[in-house]
>>> print(open('upload.cif').read())   # mmCIF, C-alpha atoms and all ligand atoms
data_start
loop_
_atom_site.label_atom_id
_atom_site.label_comp_id
_atom_site.auth_asym_id
_atom_site.auth_seq_id
_atom_site.Cartn_x
_atom_site.Cartn_y
_atom_site.Cartn_z
CA MET Y 21 -9.56 -10.48 -3.36
CA ASP Y 22 -10.19 -8.44 -0.20
CA ARG Y 23 -7.17 -7.43 1.82
CA THR Y 24 -7.48 -6.86 5.57
CA ILE Y 25 -5.47 -4.05 7.09
CA ALA Y 26 -5.10 -2.36 10.47
CA ALA Y 27 -4.21 1.12 11.68
CA ILE Y 28 -3.37 2.49 15.12
CA ASP Y 29 -3.66 6.23 15.78
CA ILE Y 30 -1.68 7.08 18.91
CA GLY Y 31 -3.15 10.40 20.04
CA THR Y 32 -2.76 12.38 23.26
CA SER Y 33 -6.42 11.94 24.22
CA LYS Y 34 -7.26 8.57 22.76
CA ILE Y 35 -5.70 5.58 21.05
CA CYS Y 36 -7.79 4.26 18.20
CA THR Y 37 -7.25 0.99 16.36
CA LEU Y 38 -9.21 0.33 13.18
CA VAL Y 39 -9.45 -2.83 11.10
CA GLY Y 40 -10.61 -2.55 7.51
CA GLU Y 41 -11.16 -4.65 4.43
CA VAL Y 42 -10.01 -3.25 1.11
CA GLY Y 43 -12.20 -4.47 -1.74
CA ASP Y 44 -11.18 -4.92 -5.37
CA ALA Y 45 -12.53 -1.51 -6.36
CA GLY Y 46 -10.57 0.11 -3.52
CA VAL Y 47 -13.69 0.35 -1.33
CA LEU Y 48 -12.77 0.40 2.35
CA ARG Y 49 -15.04 -1.38 4.80
CA VAL Y 50 -14.32 -0.85 8.50
CA THR Y 51 -14.77 -4.12 10.40
CA GLY Y 52 -13.17 -3.33 13.76
CA VAL Y 53 -12.93 -0.28 16.03
CA GLY Y 54 -11.09 -0.13 19.38
CA VAL Y 55 -10.87 3.16 21.24
CA VAL Y 56 -9.32 3.69 24.68
CA ARG Y 57 -8.31 6.79 26.58
CA ALA Y 58 -4.60 7.47 25.97
CA ARG Y 59 -2.08 6.98 28.75
CA GLY Y 60 1.65 7.57 28.94
CA LEU Y 61 1.67 10.31 26.28
CA ARG Y 62 2.06 14.08 26.36
CA LYS Y 63 1.62 16.37 23.38
CA GLY Y 64 1.87 13.39 21.07
CA VAL Y 65 5.07 11.85 22.45
CA VAL Y 66 5.60 8.88 24.75
CA THR Y 67 6.37 9.83 28.34
CA ASP Y 68 5.76 6.44 29.96
CA VAL Y 69 6.56 3.39 27.81
CA GLY Y 70 4.75 0.85 30.02
CA GLU Y 71 1.53 2.86 30.27
CA ALA Y 72 1.50 3.79 26.60
CA ALA Y 73 2.20 0.21 25.48
CA GLN Y 74 -0.56 -1.11 27.72
CA ALA Y 75 -3.10 1.43 26.39
CA ILE Y 76 -2.13 0.53 22.81
CA GLY Y 77 -2.62 -3.16 23.67
CA GLU Y 78 -6.11 -2.48 25.10
CA SER Y 79 -7.14 -0.55 21.99
CA VAL Y 80 -5.82 -3.33 19.71
CA ARG Y 81 -7.60 -6.06 21.64
CA LYS Y 82 -10.91 -4.17 21.43
CA ALA Y 83 -10.58 -3.88 17.65
CA GLU Y 84 -9.60 -7.55 17.44
CA ARG Y 85 -12.69 -8.60 19.37
CA VAL Y 86 -15.02 -6.57 17.14
CA SER Y 87 -13.42 -7.69 13.86
CA GLY Y 88 -12.65 -11.29 14.82
CA CYS Y 89 -9.08 -10.88 13.50
CA THR Y 90 -5.70 -10.95 15.16
CA ILE Y 91 -3.62 -7.94 14.30
CA SER Y 92 -0.01 -8.82 13.58
CA ARG Y 93 1.01 -5.64 11.73
CA ALA Y 94 -0.38 -2.13 11.51
CA ILE Y 95 0.13 1.30 10.03
CA VAL Y 96 0.83 3.60 12.96
CA GLY Y 97 0.08 7.31 13.26
CA MET Y 98 2.35 9.52 15.34
CA GLY Y 99 2.49 13.20 16.23
CA GLY Y 100 4.35 15.70 18.39
CA THR Y 101 5.75 19.19 18.17
CA HIS Y 102 9.10 17.78 17.00
CA ILE Y 103 7.57 17.37 13.55
CA ALA Y 104 8.83 19.81 10.95
CA SER Y 105 9.12 19.96 7.20
CA LEU Y 106 11.16 21.48 4.40
CA ASN Y 107 11.02 21.54 0.62
CA SER Y 108 14.06 20.35 -1.29
CA MET Y 109 15.24 19.60 -4.87
CA GLY Y 110 17.01 16.51 -6.19
CA MET Y 111 18.54 16.02 -9.62
CA VAL Y 112 19.87 12.98 -11.52
CA ALA Y 113 21.12 12.27 -15.04
CA ILE Y 114 19.28 9.71 -17.22
CA GLY Y 115 22.15 8.29 -19.26
CA LYS Y 116 22.29 9.55 -22.85
CA GLY Y 117 18.60 10.29 -23.08
CA ASP Y 118 18.09 7.09 -25.08
CA ARG Y 119 15.77 5.28 -22.67
CA PRO Y 120 12.56 6.05 -20.81
CA ILE Y 121 12.72 7.17 -17.17
CA ASP Y 122 11.98 4.30 -14.80
CA ARG Y 123 11.17 3.82 -11.09
CA GLU Y 124 14.86 3.51 -10.24
CA ASP Y 125 15.50 7.00 -11.66
CA THR Y 126 12.67 8.60 -9.65
CA ASP Y 127 13.95 6.81 -6.52
CA ARG Y 128 17.47 8.15 -7.19
CA ALA Y 129 16.11 11.69 -7.63
CA ILE Y 130 14.17 11.46 -4.36
CA GLU Y 131 17.27 10.08 -2.64
CA ALA Y 132 19.23 13.11 -3.94
CA ALA Y 133 16.52 15.46 -2.58
CA LYS Y 134 16.95 13.83 0.85
CA ALA Y 135 20.57 15.02 1.03
CA VAL Y 136 19.90 17.91 3.43
CA PRO Y 137 21.77 18.72 6.65
CA LEU Y 138 19.81 17.45 9.65
CA ASP Y 139 20.28 18.18 13.32
CA HIS Y 140 21.29 15.38 15.65
CA ASN Y 141 18.33 13.08 16.51
CA ARG Y 142 16.35 14.05 13.39
CA SER Y 143 15.28 11.73 10.59
CA ILE Y 144 13.33 12.13 7.38
CA LEU Y 145 10.12 10.21 7.92
CA HIS Y 146 8.40 11.01 4.62
CA PRO Y 147 10.14 12.14 1.45
CA ILE Y 148 7.13 13.13 -0.67
CA PRO Y 149 7.68 14.00 -4.35
CA ARG Y 150 5.63 17.13 -5.09
CA SER Y 151 6.38 17.30 -8.80
CA PHE Y 152 9.05 16.37 -11.35
CA ILE Y 153 10.94 18.34 -13.99
CA VAL Y 154 12.28 16.56 -17.10
CA ASP Y 155 14.82 18.53 -19.16
CA GLY Y 156 13.43 21.79 -17.79
CA GLN Y 157 9.76 20.91 -18.38
CA ASP Y 158 8.07 21.33 -14.99
CA GLY Y 159 4.72 20.32 -13.51
CA ILE Y 160 5.12 16.59 -14.26
CA THR Y 161 3.37 14.36 -11.73
CA ASN Y 162 4.57 11.02 -13.09
CA PRO Y 163 7.75 11.04 -15.23
CA ILE Y 164 7.99 7.24 -15.61
CA GLY Y 165 8.04 6.33 -19.31
CA LEU Y 166 9.16 9.79 -20.50
CA MET Y 167 12.40 10.20 -22.47
CA GLY Y 168 14.89 12.74 -21.15
CA PHE Y 169 18.46 13.54 -20.13
CA ARG Y 170 17.88 15.12 -16.76
CA LEU Y 171 15.31 14.40 -14.04
CA GLU Y 172 14.65 16.79 -11.18
CA VAL Y 173 12.24 16.33 -8.28
CA GLN Y 174 10.71 18.91 -5.97
CA ALA Y 175 10.23 17.04 -2.73
CA HIS Y 176 8.55 17.78 0.58
CA LEU Y 177 10.53 16.26 3.44
CA ILE Y 178 8.78 15.59 6.72
CA ILE Y 179 11.27 15.43 9.56
CA ALA Y 180 10.73 13.99 13.02
CA ALA Y 181 12.75 13.29 16.16
CA THR Y 182 14.38 9.88 15.75
CA SER Y 183 13.93 8.94 19.41
CA ALA Y 184 10.21 9.86 19.36
CA MET Y 185 9.75 7.57 16.35
CA GLN Y 186 11.66 4.77 18.05
CA ASN Y 187 9.62 5.13 21.25
CA ILE Y 188 6.29 4.88 19.43
CA GLN Y 189 7.53 1.90 17.44
CA HIS Y 190 8.79 0.19 20.60
CA CYS Y 191 5.42 0.65 22.37
CA VAL Y 192 3.60 -0.95 19.43
CA GLU Y 193 6.12 -3.80 19.13
CA MET Y 194 5.81 -4.54 22.84
CA ASN Y 195 2.33 -5.77 21.90
CA ASP Y 196 3.82 -8.15 19.37
CA ILE Y 197 2.64 -6.00 16.47
CA GLY Y 198 4.91 -5.05 13.59
CA VAL Y 199 4.91 -1.45 12.35
CA VAL Y 200 4.29 -1.48 8.58
CA GLU Y 201 4.86 2.26 8.37
CA LEU Y 202 4.91 5.24 10.73
CA VAL Y 203 2.77 8.04 9.32
CA ILE Y 204 2.61 11.63 10.52
CA GLN Y 205 -0.90 12.34 11.82
CA PRO Y 206 -1.81 15.46 9.76
CA LEU Y 207 -0.92 13.59 6.55
CA ALA Y 208 -3.33 10.84 7.51
CA SER Y 209 -6.08 13.31 8.51
CA ALA Y 210 -5.67 15.06 5.15
CA GLU Y 211 -6.14 11.72 3.40
CA ALA Y 212 -9.46 11.22 5.21
CA VAL Y 213 -11.08 14.64 4.96
CA LEU Y 214 -9.68 16.73 2.09
CA THR Y 215 -11.04 16.62 -1.45
CA ALA Y 216 -8.81 16.64 -4.55
CA GLU Y 217 -10.36 20.00 -5.55
CA GLU Y 218 -9.40 21.58 -2.22
CA LYS Y 219 -5.81 20.33 -2.52
CA GLU Y 220 -5.59 21.60 -6.10
CA ALA Y 221 -6.95 25.03 -5.15
CA GLY Y 222 -4.82 25.37 -1.99
CA VAL Y 223 -6.01 24.46 1.50
CA ALA Y 224 -4.77 24.14 5.09
CA LEU Y 225 -5.82 21.09 7.05
CA VAL Y 226 -5.89 21.95 10.75
CA ASP Y 227 -6.31 19.00 13.14
CA ILE Y 228 -7.00 20.32 16.65
CA GLY Y 229 -6.67 17.33 18.94
CA GLY Y 230 -6.15 17.10 22.68
CA GLY Y 231 -2.43 17.80 22.97
CA THR Y 232 -1.45 19.28 19.62
CA THR Y 233 -2.75 21.21 16.65
CA ASP Y 234 -1.33 19.67 13.49
CA MET Y 235 -1.27 21.38 10.12
CA ALA Y 236 -0.77 20.13 6.56
CA VAL Y 237 -0.91 22.78 3.85
CA PHE Y 238 -1.53 21.85 0.21
CA VAL Y 239 -0.77 24.08 -2.75
CA ARG Y 240 -1.41 23.13 -6.43
CA GLY Y 241 -2.39 19.60 -5.51
CA SER Y 242 0.62 18.67 -3.40
CA ILE Y 243 1.81 19.13 0.13
CA TRP Y 244 3.79 22.29 0.87
CA GLN Y 245 4.07 22.50 4.64
CA THR Y 246 3.61 20.23 7.66
CA LEU Y 247 3.89 21.24 11.30
CA SER Y 248 2.61 20.60 14.79
CA LEU Y 249 1.85 23.20 17.48
CA GLY Y 250 1.83 22.36 21.17
CA LEU Y 251 -1.69 23.67 21.70
CA GLY Y 252 -4.95 21.76 21.80
CA GLY Y 253 -8.17 20.89 23.56
CA HIS Y 254 -6.34 19.96 26.79
CA GLN Y 255 -5.43 23.62 27.31
CA ILE Y 256 -9.08 24.63 26.89
CA THR Y 257 -10.08 22.05 29.49
CA ASN Y 258 -7.28 23.13 31.78
CA ASP Y 259 -8.34 26.78 31.63
CA ILE Y 260 -11.90 25.80 32.55
CA ALA Y 261 -10.62 23.59 35.41
CA VAL Y 262 -8.54 26.43 36.85
CA ALA Y 263 -11.25 29.07 36.49
CA LEU Y 264 -14.03 26.91 37.96
CA HIS Y 265 -11.85 25.26 40.67
CA THR Y 266 -12.87 21.87 39.40
CA PRO Y 267 -10.96 18.63 38.60
CA PHE Y 268 -9.72 18.18 34.99
CA ASN Y 269 -12.20 15.38 34.24
CA THR Y 270 -15.17 17.46 35.41
CA ALA Y 271 -13.94 20.41 33.34
CA GLU Y 272 -13.60 18.09 30.32
CA ASP Y 273 -17.17 16.91 30.77
CA VAL Y 274 -18.45 20.50 31.15
CA LYS Y 275 -16.51 21.59 28.05
CA VAL Y 276 -17.76 18.80 25.80
CA ARG Y 277 -21.36 19.29 26.95
CA TYR Y 278 -21.65 23.07 27.12
CA ALA Y 279 -18.73 24.90 25.50
CA HIS Y 280 -19.50 27.20 22.57
CA ALA Y 281 -16.81 29.17 20.78
CA LEU Y 282 -19.19 32.09 20.07
CA TYR Y 283 -19.75 32.83 23.75
CA ASP Y 284 -21.64 36.07 23.09
CA THR Y 285 -24.48 34.06 21.52
CA ILE Y 286 -25.10 32.25 24.84
CA ASP Y 287 -27.95 33.46 27.03
CA GLN Y 288 -26.54 35.47 29.94
CA THR Y 289 -28.93 33.86 32.43
CA GLU Y 290 -28.10 30.20 31.55
CA LYS Y 291 -26.47 28.33 34.45
CA ILE Y 292 -24.59 25.03 34.69
CA GLU Y 293 -23.89 22.94 37.79
CA VAL Y 294 -20.24 22.13 38.51
CA THR Y 295 -18.68 20.05 41.31
CA THR Y 296 -15.77 22.03 42.73
CA PHE Y 297 -12.64 21.13 44.75
CA GLY Y 298 -12.65 21.58 48.54
CA ASP Y 299 -15.86 20.30 50.04
CA ASN Y 300 -17.02 18.82 46.70
CA SER Y 301 -19.96 21.17 46.70
CA VAL Y 302 -22.01 21.75 43.57
CA THR Y 303 -21.74 25.33 42.37
CA SER Y 304 -23.86 27.06 39.81
CA VAL Y 305 -21.86 29.00 37.22
CA GLY Y 306 -22.88 31.04 34.21
CA ARG Y 307 -22.54 29.03 30.97
CA ARG Y 308 -21.62 32.19 29.09
CA GLU Y 309 -18.64 32.84 31.43
CA MET Y 310 -17.42 29.26 30.96
CA CYS Y 311 -17.78 29.63 27.17
CA ALA Y 312 -15.80 32.89 27.26
CA ILE Y 313 -12.88 31.00 28.86
CA ALA Y 314 -13.04 28.25 26.22
CA ALA Y 315 -13.36 30.82 23.42
CA ALA Y 316 -10.31 32.78 24.59
CA ARG Y 317 -8.11 29.70 24.28
CA ALA Y 318 -9.74 28.67 21.00
CA GLU Y 319 -8.94 32.15 19.66
CA GLU Y 320 -5.32 31.72 20.73
CA ILE Y 321 -5.10 28.38 18.86
CA LEU Y 322 -6.65 29.90 15.72
CA ASP Y 323 -4.33 32.88 16.03
CA ALA Y 324 -1.31 30.55 16.06
CA VAL Y 325 -2.70 28.77 12.97
CA GLY Y 326 -3.13 32.11 11.16
CA ARG Y 327 0.42 33.15 12.13
CA GLU Y 328 1.89 29.93 10.70
CA ILE Y 329 0.03 30.42 7.42
CA LYS Y 330 1.29 34.02 7.22
CA ARG Y 331 4.82 33.00 8.17
CA SER Y 332 5.01 30.58 5.24
CA ALA Y 333 3.79 33.37 2.93
CA LEU Y 334 0.80 31.25 1.97
CA ASP Y 335 -1.92 33.69 2.98
CA GLY Y 336 -3.79 34.57 -0.16
CA LEU Y 337 -2.62 31.32 -1.77
CA LEU Y 338 -5.23 29.13 -0.12
CA PRO Y 339 -8.55 29.75 -1.92
CA ALA Y 340 -10.11 26.66 -0.31
CA GLY Y 341 -9.26 28.14 3.11
CA ILE Y 342 -9.12 25.90 6.13
CA VAL Y 343 -10.55 22.48 6.90
CA LEU Y 344 -10.83 21.97 10.65
CA THR Y 345 -10.73 18.46 12.05
CA GLY Y 346 -9.69 16.61 15.24
CA GLY Y 347 -11.88 16.31 18.34
CA THR Y 348 -11.85 20.02 19.16
CA ALA Y 349 -13.41 20.79 15.75
CA ASP Y 350 -16.58 19.34 17.29
CA MET Y 351 -16.93 22.40 19.52
CA PRO Y 352 -20.03 24.32 18.41
CA GLY Y 353 -19.23 27.75 17.03
CA LEU Y 354 -15.55 27.00 16.33
CA ARG Y 355 -16.01 27.05 12.56
CA GLU Y 356 -17.77 30.42 12.73
CA LEU Y 357 -15.10 31.80 15.07
CA ALA Y 358 -12.38 30.69 12.61
CA VAL Y 359 -14.18 32.39 9.69
CA ARG Y 360 -14.54 35.57 11.74
CA GLN Y 361 -10.93 35.55 12.90
CA LEU Y 362 -9.02 34.27 9.87
CA GLN Y 363 -11.29 35.69 7.15
CA VAL Y 364 -11.11 32.59 4.93
CA PRO Y 365 -13.61 29.83 4.03
CA VAL Y 366 -13.71 27.21 6.80
CA ARG Y 367 -15.44 23.85 6.99
CA VAL Y 368 -15.32 21.00 9.50
CA GLY Y 369 -13.83 17.83 7.96
CA VAL Y 370 -15.34 14.46 8.81
CA PRO Y 371 -13.93 11.15 7.43
CA ARG Y 372 -15.51 10.31 4.06
CA LYS Y 373 -15.99 7.40 1.66
CA LEU Y 374 -16.32 4.62 4.18
CA GLN Y 375 -18.44 1.52 4.58
CA GLY Y 376 -19.02 -0.83 7.51
CA LEU Y 377 -18.84 0.36 11.12
CA VAL Y 378 -18.94 4.02 10.14
CA GLU Y 379 -21.33 5.35 12.78
CA SER Y 380 -18.90 5.47 15.69
CA ILE Y 381 -16.07 6.96 13.63
CA SER Y 382 -17.93 9.54 11.55
CA SER Y 383 -16.64 12.47 13.54
CA PRO Y 384 -13.62 14.79 13.22
CA ALA Y 385 -11.85 13.03 16.13
CA TYR Y 386 -11.42 9.93 13.91
CA ALA Y 387 -10.00 11.70 10.84
CA THR Y 388 -6.45 10.51 11.58
CA ALA Y 389 -7.34 6.87 12.28
CA VAL Y 390 -9.50 6.62 9.15
CA GLY Y 391 -6.79 8.40 7.13
CA LEU Y 392 -4.21 5.84 8.28
CA LEU Y 393 -6.46 3.04 7.10
CA MET Y 394 -6.90 4.82 3.74
CA TRP Y 395 -3.12 5.28 3.56
CA GLY Y 396 -2.74 1.50 3.92
CA ALA Y 397 -5.51 0.85 1.39
CA ASN Y 398 -3.75 3.02 -1.22
CA LYS Y 399 -0.36 1.42 -0.72
CA GLN Y 400 0.22 -0.98 -3.58
CA THR Y 401 3.51 -1.99 -2.02
CA VAL Y 402 1.84 -3.49 1.02
CA ALA Y 403 0.83 -6.56 -0.91
CA THR Y 404 0.62 -8.86 2.03
CA GLU Y 405 -2.08 -8.92 4.63
CA ILE Y 406 -1.48 -6.77 7.66
CA ILE Y 407 -3.67 -9.03 9.67
CA GLN Y 408 -3.42 -12.65 10.57
CA GLN Y 409 -6.96 -13.91 9.98
CA GLU Y 410 -6.78 -17.31 11.66
CA GLY Y 411 -4.66 -15.97 14.50
CA LYS Y 412 -5.64 -18.56 17.12
CA PRO Y 413 -2.14 -19.49 18.31
CA LYS Y 414 -1.25 -15.83 18.72
CA GLN Y 415 -4.44 -15.08 20.65
CA LEU Y 416 -3.64 -17.97 22.97
CA TYR Y 417 -0.09 -16.67 23.39
CA ARG Y 418 -1.38 -13.18 24.26
CA ARG Y 419 -3.81 -14.56 26.82
CA LEU Y 420 -1.02 -16.54 28.44
CA LEU Y 421 1.10 -13.41 28.50
CA ASP Y 422 -1.75 -11.44 30.15
CA LEU Y 423 -2.14 -14.20 32.75
CA LEU Y 424 1.59 -14.19 33.45
CA LYS Y 425 1.57 -10.43 33.97
CA LEU Y 426 -0.95 -10.89 36.81
CA PHE Y 427 1.70 -12.78 38.78
CA LEU Y 428 4.58 -10.45 38.06
CA PRO Y 429 5.46 -7.70 40.56
CA ARG Y 430 4.27 -4.28 39.31
CA GLY Y 431 7.07 -1.81 38.65
N1 LIG H 501 -17.82 18.82 21.64
C1 LIG H 501 -16.57 19.15 21.94
N2 LIG H 501 -16.29 20.42 22.29
C2 LIG H 501 -15.02 20.78 22.61
N3 LIG H 501 -13.98 19.94 22.60
C3 LIG H 501 -14.22 18.67 22.26
C4 LIG H 501 -15.51 18.20 21.91
N4 LIG H 501 -15.40 16.87 21.62
C5 LIG H 501 -14.11 16.53 21.80
N5 LIG H 501 -13.39 17.60 22.18
C6 LIG H 501 -11.96 17.66 22.52
O1 LIG H 501 -11.18 17.08 21.51
C7 LIG H 501 -9.93 16.68 22.08
C8 LIG H 501 -9.58 15.31 21.61
O2 LIG H 501 -9.42 15.34 20.21
P1 LIG H 501 -8.77 14.11 19.44
O3 LIG H 501 -9.52 12.87 19.78
O4 LIG H 501 -8.69 14.51 18.01
O5 LIG H 501 -7.33 14.09 20.14
P2 LIG H 501 -6.11 13.10 19.94
O6 LIG H 501 -6.03 12.72 18.51
O7 LIG H 501 -6.16 12.00 20.92
O8 LIG H 501 -4.92 14.06 20.37
P3 LIG H 501 -3.69 14.67 19.55
O9 LIG H 501 -4.02 14.57 18.11
O10 LIG H 501 -3.57 16.08 20.01
O11 LIG H 501 -2.50 13.87 19.96
C9 LIG H 501 -10.10 16.71 23.58
O12 LIG H 501 -9.43 17.83 24.12
C10 LIG H 501 -11.61 16.85 23.75
O13 LIG H 501 -11.93 17.56 24.90
MG MG H 502 -5.02 13.35 16.84
#
>>> encode(input="upload.cif", output="structure tokens")
Amino acid sequence: MDRTIAAIDIGTSKICTLVGEVGDAGVLRVTGVGVVRARGLRKGVVTDVGEAAQAIGESVRKAERVSGCTISRAIVGMGGTHIASLNSMGMVAIGKGDRPIDREDTDRAIEAAKAVPLDHNRSILHPIPRSFIVDGQDGITNPIGLMGFRLEVQAHLIIAATSAMQNIQHCVEMNDIGVVELVIQPLASAEAVLTAEEKEAGVALVDIGGGTTDMAVFVRGSIWQTLSLGLGGHQITNDIAVALHTPFNTAEDVKVRYAHALYDTIDQTEKIEVTTFGDNSVTSVGRREMCAIAAARAEEILDAVGREIKRSALDGLLPAGIVLTGGTADMPGLRELAVRQLQVPVRVGVPRKLQGLVESISSPAYATAVGLLMWGANKQTVATEIIQQEGKPKQLYRRLLDLLKLFLPRG
């Protein structure tokens, strides 16, 4: 029977809620999309609870209207530069070696791998088993059913700021929606755009959003490194705004319409009209000059990505190169600039293997949201519906709440 699930990606630029139906064969059909401009967030973390909660609510209601469902629970994507990762080992004994390894043993091994010293306000959000070793035999992906005395796990631990997690959860719950699971954004993006071959060969997923650039590096089929850099499309827009003396929103519009990362390919005589501060006059500026500003910041972001790959000693270990995604990956010429600068294969990753309302979300900006939905679809443990299909009483309750808010003094 079909299962209906929901996902909310809380980004710095936009909040995107998706509703999807998981078919028997694991086919995912998107039945609801709700996108609103993000508010109350900076570089992936909540800075204004009221604003952020309200924006989340608007996005959810849009997706509810399109899908005809009421969302009562959702998988939620979160980001921020507080995200870090480390690889750890855990070991447990399996009695006298007279019984097969079971789920409880693998859970105990993972629990042992989680015993690492953490700074104050840090929690392990995802303990991901990379591979298992049974009695010294390594490279085992699933040890359940094997006989052995000793089980070891190599685990990738994704660590996040506890308060940032609580804030995101609180903003979602303020909309009367339960959080099934908080998922780090680059993990979700990887789910949506990477192929199994790329992960096996070695690949870096690079999600360049508005506020952050998130990375998830895969080696030999499993995740090796996860991190988030405080650089993104907002800085590109900001540079254009400062250079052209124009408001941020105008600069954003100019960037999305005309920016090209290979600025030297742009005709030197091409002009664009821009409304500037002061007397609001319309000024004509060279498109090539504007592109040079955007390209300089794009180069800086790619430079930081290259540095992180080098720092983790993974350069040379990623034959599948880099897969760019996130809204900024839509900038023409960015892929070519990355190839030129980082000297590795680069492609732009767009969400794959979807049915239903795919048109509006078939772009790199929706990799995370689609990945969250896929995450939920793959979770066998989430047996129950994430959505309340009938939902009428809840809808009525929400409308009453909205009405009530109209009469409350604004804080
Ligand atoms: N054609 C384009 N050229 C350049 N930049 C673009 C283009 N289209 C979108 N962008 C940029 O992509 C960014 C938004 O990307 P995305 O929607 O992935 O961000 P987000 O997920 O909300 O933010 P984050 O992941 O950083 O929290 C914005 O800075 C936007 O200007
Ligand atoms: Mg994002």
>>> closest_residue(input="upload.cif", among="Y:Ala397, Y:Leu48, Y:Ile342, Y:Val86", to="Ala221 (chain Y)", atoms="only C-alpha atoms")
Y:Ile342
>>> residues_around(input="upload.cif", residues="region 319-336 of chain Y", least_positions_apart="5", cutoff="8 Å", atoms="only C-alpha atoms", output="short mmCIF file (atom, residue, chain, number, x, y, z; two decimals) with C-alpha atoms, in the coordinates of the input")
data_model
loop_
_atom_site.label_atom_id
_atom_site.label_comp_id
_atom_site.auth_asym_id
_atom_site.auth_seq_id
_atom_site.Cartn_x
_atom_site.Cartn_y
_atom_site.Cartn_z
CA VAL Y 226 -5.89 21.95 10.75
CA THR Y 233 -2.75 21.21 16.65
CA LEU Y 251 -1.69 23.67 21.70
CA GLY Y 252 -4.95 21.76 21.80
CA LEU Y 357 -15.10 31.80 15.07
CA ALA Y 358 -12.38 30.69 12.61
CA GLN Y 361 -10.93 35.55 12.90
CA LEU Y 362 -9.02 34.27 9.87
#
>>> closest_residue(input="upload.cif", among="Y:Leu374, Y:Ile28, Y:Met111, Y:Cys89", to="Ala132 (chain Y)", atoms="only C-alpha atoms")
Y:Met111
>>> residues_around(input="upload.cif", residues="Asn269 (chain Y)", least_positions_apart="6", cutoff="10 Å", atoms="only C-alpha atoms", output="list in words")
Thr257, Asn258, Ala261 and Lys275 of chain Y
>>> write_last_selection(input="upload.cif", atoms="C-alpha atoms", output="PDB file, in the frame of the given file")
ATOM      1  CA  THR Y 257     -10.080  22.050  29.490  1.00  0.00           C
ATOM      2  CA  ASN Y 258      -7.280  23.130  31.780  1.00  0.00           C
ATOM      3  CA  ALA Y 261     -10.620  23.590  35.410  1.00  0.00           C
ATOM      4  CA  LYS Y 275     -16.510  21.590  28.050  1.00  0.00           C
TER       5      LYS Y 275
END
>>> residues_near_ligand(input="upload.cif", ligand="ligand LIG 501 (chain H)", cutoff="6 Å", atoms="all atoms listed in the file", output="VMD selection string")
chain Y and resid 31 to 34 63 to 64 229 to 232 253 to 254 272 275 to 276 346 to 348 350 to 351 385
>>> atom_distance(input="upload.cif", atom1="CA of Gln205 (chain Y)", atom2="CA of Gly99 (chain Y)")
5.6 Å
>>> closest_atom_pairs(input="upload.cif", of="region 105-134 of chain Y", to="region 160-184 of chain Y", cutoff="6 Å", atoms="all atoms listed in the file", output="CSV")
residue,atom,partner,partner_atom,distance
Y:Ser105,CA,Y:Ile178,CA,4.4
Y:Leu106,CA,Y:Leu177,CA,5.3
Y:Asn107,CA,Y:His176,CA,4.5
Y:Ser108,CA,Y:Ala175,CA,5.3
Y:Met109,CA,Y:Gln174,CA,4.7
Y:Gly110,CA,Y:Val173,CA,5.2
Y:Met111,CA,Y:Glu172,CA,4.3
Y:Val112,CA,Y:Leu171,CA,5.4
Y:Ala113,CA,Y:Arg170,CA,4.6
Y:Ile114,CA,Y:Phe169,CA,4.9
Y:Gly117,CA,Y:Phe169,CA,4.4
Y:Arg119,CA,Y:Met167,CA,6.0
Y:Pro120,CA,Y:Met167,CA,4.5
Y:Ile121,CA,Y:Ile164,CA,5.0
Y:Asp122,CA,Y:Ile164,CA,5.0
>>> write_last_selection(input="upload.cif", atoms="C-alpha atoms", output="PDB file, keeping the file's coordinate frame")
ATOM      1  CA  SER Y 105       9.120  19.960   7.200  1.00  0.00           C
ATOM      2  CA  LEU Y 106      11.160  21.480   4.400  1.00  0.00           C
ATOM      3  CA  ASN Y 107      11.020  21.540   0.620  1.00  0.00           C
ATOM      4  CA  SER Y 108      14.060  20.350  -1.290  1.00  0.00           C
ATOM      5  CA  MET Y 109      15.240  19.600  -4.870  1.00  0.00           C
ATOM      6  CA  GLY Y 110      17.010  16.510  -6.190  1.00  0.00           C
ATOM      7  CA  MET Y 111      18.540  16.020  -9.620  1.00  0.00           C
ATOM      8  CA  VAL Y 112      19.870  12.980 -11.520  1.00  0.00           C
ATOM      9  CA  ALA Y 113      21.120  12.270 -15.040  1.00  0.00           C
ATOM     10  CA  ILE Y 114      19.280   9.710 -17.220  1.00  0.00           C
ATOM     11  CA  GLY Y 117      18.600  10.290 -23.080  1.00  0.00           C
ATOM     12  CA  ARG Y 119      15.770   5.280 -22.670  1.00  0.00           C
ATOM     13  CA  PRO Y 120      12.560   6.050 -20.810  1.00  0.00           C
ATOM     14  CA  ILE Y 121      12.720   7.170 -17.170  1.00  0.00           C
ATOM     15  CA  ASP Y 122      11.980   4.300 -14.800  1.00  0.00           C
TER      16      ASP Y 122
END
>>> atom_distance(input="upload.cif", atom1="CA of Val378 (chain Y)", atom2="CA of Val50 (chain Y)")
6.9 Å
>>> closest_residue(input="upload.cif", among="Y:Gln375, Y:Ser304, Y:Gln363, Y:Thr266", to="Gly40 (chain Y)", atoms="all atoms listed in the file")
Y:Gln375
>>> closest_residue(input="upload.cif", among="Y:Gln189, Y:Gln255, Y:Ser209, Y:Thr303", to="ligand MG 502 (chain H)", atoms="only C-alpha atoms and all ligand atoms")
Y:Ser209
>>> residues_around(input="upload.cif", residues="Pro267 (chain Y)", least_positions_apart="3", cutoff="8 Å", atoms="all atoms listed in the file", output="list in words")
Ala261, Thr270, Ala271, Thr296 and Phe297 of chain Y
